[in-house]
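See below for the structure under consideration.
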Amino acid sequence: MNKKGFTLIELLIVVTIIGILAVALVPRIIGGSSSARDSRRMTDVQTVASGLEYYLLENGNFEDIGSAGSPVCATTLASSLSGFVKQLPADPLDTQVNNGFGSSCTGDYAVLFMTDSSSNLSRYAIAARMEAAEANDEAIYDTPSSASAYSSFTPTAFTDSSTQTPYYVAY
């Protein structure tokens, strides 16, 4: 008799190996998506910052597009920054609520305008809500109580202690 095919034991071994690989790889693949979106958020924040820097060079301050201490959603600045940034980026997960600086920007980045030491409205901070906070981030800050506190930090990550929500902020 000439039998061709696999025995039951051979099939069980193959299914077991596939199961072990699936258990090991699926969490990495799922976690990789949030890390990729967080990386895009950091890049998007820098794009918004570039647009604001060009606007500041052209106009000298932000008085026409914002007021000190009042957060706005980045996409509301689209028409003002259209000559400097082709298209303002939006959060890759457009259902995510960004409460950075006390704003309520869904699928967007929060922008806070601040005054410099001469009371000119020429400083800003941009916040992106992150999905995966890293334990070894450069620094984790609670939300400062005043807008002027943001002006001395470098781009970093912080966690809102009341909600444990991680944010990336660029200045």
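Identifiers in the structure tokens: chain A, B, ... in order shown; residue index from 1 per chain; ligand index from 1 in order shown.
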Write out, as a tab-separated table, each residue of range 34-76 of chain A that has an atom at most 9 Å from range 104-128 of chain A, together with the closest pair of atoms and their distance in Å to one decimal, counting only C-alpha atoms, rows going by chain and rising number.
residue	atom	partner	partner_atom	distance
A:Asp38	CA	A:Ala128	CA	8.6
A:Arg41	CA	A:Ala128	CA	6.4
A:Met42	CA	A:Ala128	CA	7.5
A:Asp44	CA	A:Tyr109	CA	8.7
A:Val45	CA	A:Ile126	CA	6.5
A:Gln46	CA	A:Ile126	CA	8.8
A:Val48	CA	A:Ile126	CA	7.9
A:Ala49	CA	A:Ile126	CA	7.4
A:Leu52	CA	A:Tyr124	CA	8.3
A:Leu56	CA	A:Ser122	CA	7.0
A:Gly60	CA	A:Ser122	CA	7.3
A:Asn61	CA	A:Ser122	CA	4.8
A:Phe62	CA	A:Leu121	CA	5.6
A:Glu63	CA	A:Leu121	CA	6.2
A:Gly66	CA	A:Phe113	CA	6.5
A:Ser67	CA	A:Phe113	CA	6.2
A:Ala68	CA	A:Met114	CA	4.7
A:Gly69	CA	A:Phe113	CA	6.0
A:Ser70	CA	A:Leu112	CA	6.2
A:Pro71	CA	A:Leu112	CA	4.4
A:Val72	CA	A:Val111	CA	5.3
A:Cys73	CA	A:Ala110	CA	4.7
A:Ala74	CA	A:Tyr109	CA	5.3
A:Thr75	CA	A:Asp108	CA	6.8
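When DSSP is run on the backbone, the residues of range 86-143 of chain A that fall into strand (DSSP E) are Val97, Asn98, Cys105, Thr106, Ala110, Val111, Leu112, Phe113, Met114, Arg123, Tyr124, Ala125, Ile126, Ala127, Ala128 and Arg129 of chain A.
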Q: Using CA of Pro166 in chain A and CA of Ala132 in chain A as the two end points, give the distance in Å to one decimal.
A: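 Atom-to-atom, CA of Pro166 in chain A to CA of Ala132 in chain A, that is 7.5 Å.
Taking CA of Asp64 in chain A and CA of Ser82 in chain A as endpoints, the distance between them is 14.3 Å.
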Q | Å distance separating CA of Gln87 in chain A from CA of Gly102 in chain A, one decimal place | A | 24.6 Å
Q | Of the listed residues A:Val85, A:Leu11, A:Leu93, A:Leu25, that which approaches Met130 in chain A most closely, counting only C-alpha atoms | A |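 When distances to Met130 in chain A are compared using only C-alpha atoms, the smallest one comes from A:Leu93.
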